[in-house]
Structure formats: C-alpha cells, structure tokens
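See below for the structure under consideration.
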Amino acid sequence: QWYQRRVAITAGAVLKDFDEQLQKYKYMELNLLQRKKRLRAQVPDIEKTLEIVQHMLKKEEEFQTHFMLSDQVHALATVPPTDKVFLWLGANVMLEYTIDEAITLLTKNLNTATVNADQLEDDLGYLSNQITTMEVNMARVYNWDFKRRKAAADK
C-alpha cells in the first residue's frame with residue numbers, strides 16, 4: 001500500500017499534517033462566520049436607510065421626525081423638502097447624494113450584501129464538508145495505526 005512504501009512516514013506524522021489542515025479549515029470557518037455576521041447586520045441597516053430615502057422622495061412638504069443622537073438620546077427634527085441626502089459610508093466618511101443616486105447606491109449595496117451573504121453560506125457549507133472529511137480521515141488513520149500496532153504487539 002502507498003503509505004507503507006513511503007520512507008519513514010508514520011501515522012503520527014500524517015495525523016499531525018491532518019490536524020494542521022483541520023486547524024486551517026476551522027480558522028477559515030471562523031473568519032467566514034464573522035464576515036457573515038457583519039453582512040447580516042448590514043442588511044437591515046441598508047434596508048432601513050433605503051426605506052427612509054424612498055420616503056423622503058415622496059414627501060413634498062416638510063415633516064417632523066425623531067432621530068438618534070446617541071444610543072439613548074433622540075431629538076425632534078423638522079426636515080424640509082430636499083433633493084439631496086447625506087449617507088454615512090463608514091470610516092468617518094459621509095457623502096452628499098441626490099435622492100435618486102442614493103436609492104441607486106443603496107439598492108446596489110443591498111443586492112451586493114445579499115449576494116455576498118449567500119456566497120458565504122455556500123462557502124461555509126463547503127468548508128463544513130471539508131472539516132467533516134478531514135475529521136473522518138483522521139479517525140481512519142488513527143484506527144488503522146491502532147490496529148497495526150495491536151497486531152504487531154500480538155505477534
């Protein structure tokens with residue numbers, strides 16, 4: 001058999017290699033899960049922002065609203081009719097867009113986030129299969145080595 005023909009390969013060395021690969025898979029899985037969590041948190045925020053911008057597009061007179069200053073502090077504001085909005089892009093960056101541009105950008109971002117989240121689901125499924133396969137292979141090598149050593153000890 002191929003593993004017996006290789007020079008000085010032991011089951012311990014194979015198990016060590018398998019364990020290193022398994023740890024890499026688990027690290028990748030952890031990173032993908034964190035990215036998925038971030039994306040899933042972004043989708044409701046994007047949807048809410050898109051809804052607000054679409055509402056502003058329909059309003060032709062000023063209206064009052066409450067907005068959040070901090071986690072527990074809200075203020076009452078009067079919003080005049082406008083054709084421009086400011087979108088918070090992150091990293092201390094805010095840009096001014098026309099409402100139509102903002103709707104286009106937010107729709108694109110929502111679609112991208114949804115597609116990326118779906119792709120992450122597929123990647124996580126593949127990674128889960130790889131982890132399972134690696135664990136089964138490790139168990140097989142361990143059992144094979146155990147039987148081999150037991151047979152050698154019985155002789």
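Here's how to read the names in the structure tokens: chain A, B, ... by the order shown, residue numbers from 1 in each chain, ligand numbers from 1 in the order shown.
With only C-alpha atoms taken into account, the protein and nucleic acid residues at most 10 Å from Thr112 of chain A (excluding it and anything under 5 positions from it in its own chain) are Leu39, Val43, Leu106, Thr107, Ala117 and Asp118 of chain A.
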Okay, now the selection with N, CA, C and O atoms, as a PDB file, in the first residue's frame?
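Full text of result25.pdb as output:
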ATOM      1  N   LEU A  39     -22.213  40.984   7.587  1.00  0.00           N
ATOM      2  CA  LEU A  39     -23.093  41.216   6.444  1.00  0.00           C
ATOM      3  C   LEU A  39     -24.558  41.143   6.839  1.00  0.00           C
ATOM      4  O   LEU A  39     -25.372  41.963   6.402  1.00  0.00           O
ATOM      5  N   VAL A  43     -27.445  44.315   6.354  1.00  0.00           N
ATOM      6  CA  VAL A  43     -28.643  44.258   5.506  1.00  0.00           C
ATOM      7  C   VAL A  43     -29.814  45.036   6.118  1.00  0.00           C
ATOM      8  O   VAL A  43     -30.413  45.876   5.431  1.00  0.00           O
ATOM      9  N   LEU A 106     -27.892  52.570  -2.597  1.00  0.00           N
ATOM     10  CA  LEU A 106     -28.368  51.707  -1.516  1.00  0.00           C
ATOM     11  C   LEU A 106     -28.930  50.394  -2.065  1.00  0.00           C
ATOM     12  O   LEU A 106     -28.715  49.328  -1.476  1.00  0.00           O
ATOM     13  N   THR A 107     -29.628  50.455  -3.183  1.00  0.00           N
ATOM     14  CA  THR A 107     -30.154  49.233  -3.801  1.00  0.00           C
ATOM     15  C   THR A 107     -29.008  48.331  -4.242  1.00  0.00           C
ATOM     16  O   THR A 107     -29.038  47.116  -4.015  1.00  0.00           O
ATOM     17  N   ALA A 117     -23.662  37.447   1.197  1.00  0.00           N
ATOM     18  CA  ALA A 117     -24.098  36.599   2.307  1.00  0.00           C
ATOM     19  C   ALA A 117     -24.468  35.204   1.805  1.00  0.00           C
ATOM     20  O   ALA A 117     -24.133  34.200   2.441  1.00  0.00           O
ATOM     21  N   ASP A 118     -25.125  35.140   0.664  1.00  0.00           N
ATOM     22  CA  ASP A 118     -25.472  33.843   0.081  1.00  0.00           C
ATOM     23  C   ASP A 118     -24.207  33.077  -0.327  1.00  0.00           C
ATOM     24  O   ASP A 118     -24.119  31.860  -0.136  1.00  0.00           O
TER      25      ASP A 118
END
**Asked** In chain A, what's helix (DSSP H, G or I) per DSSP? Answer as a ChimeraX atom specification?
**Response** /A:2-5,11-58,99-154
With C-alpha atoms retained, export the selected residues as a CSV table (one decimal), in the first residue's frame.
chain,number,residue,atom,x,y,z
A,2,TRP,CA,1.1,3.6,-0.7
A,3,TYR,CA,1.6,4.6,2.9
A,4,GLN,CA,3.9,1.6,3.6
A,5,ARG,CA,6.1,2.3,0.5
A,11,ALA,CA,0.7,7.7,11.4
A,12,GLY,CA,1.7,10.3,13.9
A,13,ALA,CA,3.2,12.5,11.1
A,14,VAL,CA,0.1,12.0,8.9
A,15,LEU,CA,-2.2,12.8,11.9
A,16,LYS,CA,-0.1,15.9,12.6
A,17,ASP,CA,-0.5,17.1,9.0
A,18,PHE,CA,-4.2,16.4,9.0
A,19,ASP,CA,-4.6,18.3,12.3
A,20,GLU,CA,-2.7,21.3,10.9
A,21,GLN,CA,-5.1,21.2,7.9
A,22,LEU,CA,-8.1,20.9,10.1
A,23,GLN,CA,-7.0,23.9,12.2
A,24,LYS,CA,-6.7,25.9,9.0
A,25,TYR,CA,-10.2,24.9,8.0
A,26,LYS,CA,-11.6,25.9,11.4
A,27,TYR,CA,-9.7,29.2,11.2
A,28,MET,CA,-11.2,29.9,7.8
A,29,GLU,CA,-14.7,28.9,9.1
A,30,LEU,CA,-14.3,31.3,12.0
A,31,ASN,CA,-13.4,34.2,9.6
A,32,LEU,CA,-16.3,33.4,7.3
A,33,LEU,CA,-18.7,33.2,10.2
A,34,GLN,CA,-17.6,36.7,11.3
A,35,ARG,CA,-18.0,38.1,7.8
A,36,LYS,CA,-21.4,36.5,7.6
A,37,LYS,CA,-22.4,38.1,10.9
A,38,ARG,CA,-21.2,41.5,9.8
A,39,LEU,CA,-23.1,41.2,6.4
A,40,ARG,CA,-26.3,40.0,8.1
A,41,ALA,CA,-26.1,43.1,10.4
A,42,GLN,CA,-25.6,45.4,7.5
A,43,VAL,CA,-28.6,44.3,5.5
A,44,PRO,CA,-31.3,45.6,8.0
A,45,ASP,CA,-29.4,48.9,8.2
A,46,ILE,CA,-29.3,49.3,4.4
A,47,GLU,CA,-32.9,48.4,4.1
A,48,LYS,CA,-33.9,50.9,6.8
A,49,THR,CA,-31.8,53.7,5.1
A,50,LEU,CA,-33.3,52.8,1.7
A,51,GLU,CA,-36.8,53.0,3.1
A,52,ILE,CA,-36.1,56.4,4.7
A,53,VAL,CA,-34.6,57.8,1.5
A,54,GLN,CA,-37.6,56.5,-0.6
A,55,HIS,CA,-39.9,58.1,2.0
A,56,MET,CA,-38.1,61.4,1.5
A,57,LEU,CA,-38.5,61.1,-2.2
A,58,LYS,CA,-42.3,61.0,-1.8
A,99,ILE,CA,-32.1,61.1,-3.7
A,100,ASP,CA,-32.1,59.1,-6.9
A,101,GLU,CA,-28.3,58.5,-6.7
A,102,ALA,CA,-28.8,57.4,-3.0
A,103,ILE,CA,-31.6,55.0,-3.9
A,104,THR,CA,-29.4,53.5,-6.7
A,105,LEU,CA,-26.4,53.2,-4.4
A,106,LEU,CA,-28.4,51.7,-1.5
A,107,THR,CA,-30.2,49.2,-3.8
A,108,LYS,CA,-26.8,48.2,-5.3
A,109,ASN,CA,-25.3,47.8,-1.8
A,110,LEU,CA,-28.3,45.8,-0.6
A,111,ASN,CA,-28.1,43.4,-3.6
A,112,THR,CA,-24.3,43.1,-3.1
A,113,ALA,CA,-24.6,42.4,0.6
A,114,THR,CA,-27.3,39.8,0.0
A,115,VAL,CA,-25.3,38.0,-2.8
A,116,ASN,CA,-22.2,38.1,-0.6
A,117,ALA,CA,-24.1,36.6,2.3
A,118,ASP,CA,-25.5,33.8,0.1
A,119,GLN,CA,-22.0,33.1,-1.3
A,120,LEU,CA,-20.7,33.0,2.3
A,121,GLU,CA,-23.4,30.4,3.0
A,122,ASP,CA,-22.1,28.3,0.1
A,123,ASP,CA,-18.5,28.7,1.2
A,124,LEU,CA,-19.4,27.7,4.8
A,125,GLY,CA,-21.2,24.6,3.5
A,126,TYR,CA,-18.2,23.6,1.5
A,127,LEU,CA,-15.9,24.2,4.4
A,128,SER,CA,-18.1,22.2,6.7
A,129,ASN,CA,-17.9,19.3,4.3
A,130,GLN,CA,-14.1,19.6,4.3
A,131,ILE,CA,-13.9,19.7,8.1
A,132,THR,CA,-16.1,16.6,8.3
A,133,THR,CA,-14.0,14.8,5.7
A,134,MET,CA,-10.7,15.7,7.5
A,135,GLU,CA,-12.1,14.5,10.8
A,136,VAL,CA,-13.2,11.2,9.3
A,137,ASN,CA,-9.8,10.8,7.7
A,138,MET,CA,-8.0,11.4,11.0
A,139,ALA,CA,-10.2,8.8,12.7
A,140,ARG,CA,-9.4,6.3,9.9
A,141,VAL,CA,-5.7,6.9,10.1
A,142,TYR,CA,-5.8,6.6,14.0
A,143,ASN,CA,-7.8,3.4,13.9
A,144,TRP,CA,-5.6,1.9,11.2
A,145,ASP,CA,-2.5,2.7,13.2
A,146,PHE,CA,-4.1,1.3,16.4
A,147,LYS,CA,-4.9,-2.0,14.7
A,148,ARG,CA,-1.4,-2.1,13.1
A,149,ARG,CA,0.3,-1.6,16.5
A,150,LYS,CA,-2.0,-4.1,18.2
A,151,ALA,CA,-1.3,-6.7,15.5
A,152,ALA,CA,2.4,-6.0,15.9
A,153,ALA,CA,2.2,-6.3,19.7
A,154,ASP,CA,0.2,-9.7,19.4
List every residue of segment 1-87 of chain A that DSSP, applied to the backbone of this structure, assigns to strand (DSSP E or B), and report them as a PDB file with N, CA, C and O atoms, in the first residue's frame.
ATOM      1  N   PHE A  63     -41.566  67.679   7.173  1.00  0.00           N
ATOM      2  CA  PHE A  63     -42.154  66.762   8.143  1.00  0.00           C
ATOM      3  C   PHE A  63     -41.249  66.687   9.362  1.00  0.00           C
ATOM      4  O   PHE A  63     -40.084  67.065   9.304  1.00  0.00           O
ATOM      5  N   GLN A  64     -41.836  66.218  10.457  1.00  0.00           N
ATOM      6  CA  GLN A  64     -41.074  66.095  11.697  1.00  0.00           C
ATOM      7  C   GLN A  64     -40.739  64.624  11.939  1.00  0.00           C
ATOM      8  O   GLN A  64     -41.528  63.733  11.615  1.00  0.00           O
ATOM      9  N   THR A  65     -39.588  64.421  12.517  1.00  0.00           N
ATOM     10  CA  THR A  65     -39.147  63.061  12.826  1.00  0.00           C
ATOM     11  C   THR A  65     -38.243  63.078  14.043  1.00  0.00           C
ATOM     12  O   THR A  65     -37.702  64.121  14.408  1.00  0.00           O
ATOM     13  N   HIS A  66     -38.110  61.932  14.652  1.00  0.00           N
ATOM     14  CA  HIS A  66     -37.147  61.759  15.743  1.00  0.00           C
ATOM     15  C   HIS A  66     -35.900  61.109  15.154  1.00  0.00           C
ATOM     16  O   HIS A  66     -35.997  60.193  14.342  1.00  0.00           O
ATOM     17  N   PHE A  67     -34.741  61.586  15.547  1.00  0.00           N
ATOM     18  CA  PHE A  67     -33.513  60.938  15.108  1.00  0.00           C
ATOM     19  C   PHE A  67     -32.601  60.713  16.292  1.00  0.00           C
ATOM     20  O   PHE A  67     -32.675  61.410  17.294  1.00  0.00           O
ATOM     21  N   MET A  68     -31.760  59.713  16.152  1.00  0.00           N
ATOM     22  CA  MET A  68     -30.919  59.282  17.259  1.00  0.00           C
ATOM     23  C   MET A  68     -29.625  60.089  17.290  1.00  0.00           C
ATOM     24  O   MET A  68     -28.899  60.141  16.289  1.00  0.00           O
ATOM     25  N   LEU A  69     -29.350  60.709  18.431  1.00  0.00           N
ATOM     26  CA  LEU A  69     -28.079  61.396  18.638  1.00  0.00           C
ATOM     27  C   LEU A  69     -27.036  60.434  19.191  1.00  0.00           C
ATOM     28  O   LEU A  69     -25.872  60.473  18.821  1.00  0.00           O
ATOM     29  N   SER A  70     -27.483  59.589  20.122  1.00  0.00           N
ATOM     30  CA  SER A  70     -26.640  58.524  20.664  1.00  0.00           C
ATOM     31  C   SER A  70     -27.584  57.385  21.038  1.00  0.00           C
ATOM     32  O   SER A  70     -28.775  57.456  20.770  1.00  0.00           O
ATOM     33  N   VAL A  73     -30.321  58.820  23.373  1.00  0.00           N
ATOM     34  CA  VAL A  73     -30.731  60.209  23.212  1.00  0.00           C
ATOM     35  C   VAL A  73     -31.283  60.420  21.799  1.00  0.00           C
ATOM     36  O   VAL A  73     -30.594  60.166  20.806  1.00  0.00           O
ATOM     37  N   HIS A  74     -32.545  60.878  21.740  1.00  0.00           N
ATOM     38  CA  HIS A  74     -33.178  61.181  20.464  1.00  0.00           C
ATOM     39  C   HIS A  74     -33.592  62.647  20.462  1.00  0.00           C
ATOM     40  O   HIS A  74     -33.855  63.234  21.518  1.00  0.00           O
ATOM     41  N   ALA A  75     -33.684  63.221  19.279  1.00  0.00           N
ATOM     42  CA  ALA A  75     -34.094  64.622  19.160  1.00  0.00           C
ATOM     43  C   ALA A  75     -35.187  64.730  18.107  1.00  0.00           C
ATOM     44  O   ALA A  75     -35.278  63.911  17.194  1.00  0.00           O
ATOM     45  N   LEU A  76     -36.008  65.750  18.244  1.00  0.00           N
ATOM     46  CA  LEU A  76     -37.060  66.019  17.282  1.00  0.00           C
ATOM     47  C   LEU A  76     -36.498  66.973  16.236  1.00  0.00           C
ATOM     48  O   LEU A  76     -35.855  67.970  16.568  1.00  0.00           O
ATOM     49  N   ALA A  77     -36.715  66.660  14.963  1.00  0.00           N
ATOM     50  CA  ALA A  77     -36.185  67.490  13.891  1.00  0.00           C
ATOM     51  C   ALA A  77     -37.271  67.737  12.859  1.00  0.00           C
ATOM     52  O   ALA A  77     -38.125  66.889  12.625  1.00  0.00           O
ATOM     53  N   THR A  78     -37.215  68.901  12.254  1.00  0.00           N
ATOM     54  CA  THR A  78     -38.091  69.227  11.137  1.00  0.00           C
ATOM     55  C   THR A  78     -37.250  69.116   9.867  1.00  0.00           C
ATOM     56  O   THR A  78     -36.215  69.760   9.740  1.00  0.00           O
ATOM     57  N   VAL A  79     -37.719  68.259   8.950  1.00  0.00           N
ATOM     58  CA  VAL A  79     -36.963  68.003   7.724  1.00  0.00           C
ATOM     59  C   VAL A  79     -37.669  68.720   6.577  1.00  0.00           C
ATOM     60  O   VAL A  79     -38.815  68.396   6.245  1.00  0.00           O
ATOM     61  N   LYS A  84     -31.533  66.203  -1.861  1.00  0.00           N
ATOM     62  CA  LYS A  84     -30.207  65.672  -1.521  1.00  0.00           C
ATOM     63  C   LYS A  84     -30.244  65.033  -0.135  1.00  0.00           C
ATOM     64  O   LYS A  84     -30.986  65.467   0.737  1.00  0.00           O
ATOM     65  N   VAL A  85     -29.414  63.999   0.021  1.00  0.00           N
ATOM     66  CA  VAL A  85     -29.262  63.337   1.314  1.00  0.00           C
ATOM     67  C   VAL A  85     -27.777  63.094   1.548  1.00  0.00           C
ATOM     68  O   VAL A  85     -26.987  63.051   0.606  1.00  0.00           O
ATOM     69  N   PHE A  86     -27.424  62.925   2.797  1.00  0.00           N
ATOM     70  CA  PHE A  86     -26.059  62.576   3.164  1.00  0.00           C
ATOM     71  C   PHE A  86     -26.075  61.134   3.651  1.00  0.00           C
ATOM     72  O   PHE A  86     -26.879  60.782   4.517  1.00  0.00           O
ATOM     73  N   LEU A  87     -25.204  60.322   3.089  1.00  0.00           N
ATOM     74  CA  LEU A  87     -25.102  58.922   3.500  1.00  0.00           C
ATOM     75  C   LEU A  87     -23.786  58.699   4.213  1.00  0.00           C
ATOM     76  O   LEU A  87     -22.726  59.116   3.741  1.00  0.00           O
TER      77      LEU A  87
END
**Request:** Name all residues at most 7 Å from Pro81 of chain A (count only C-alpha atoms; drop same-chain ones fewer than 6 positions away) and give them as a PyMOL selection string.
**Result:** chain A and resi 59-62
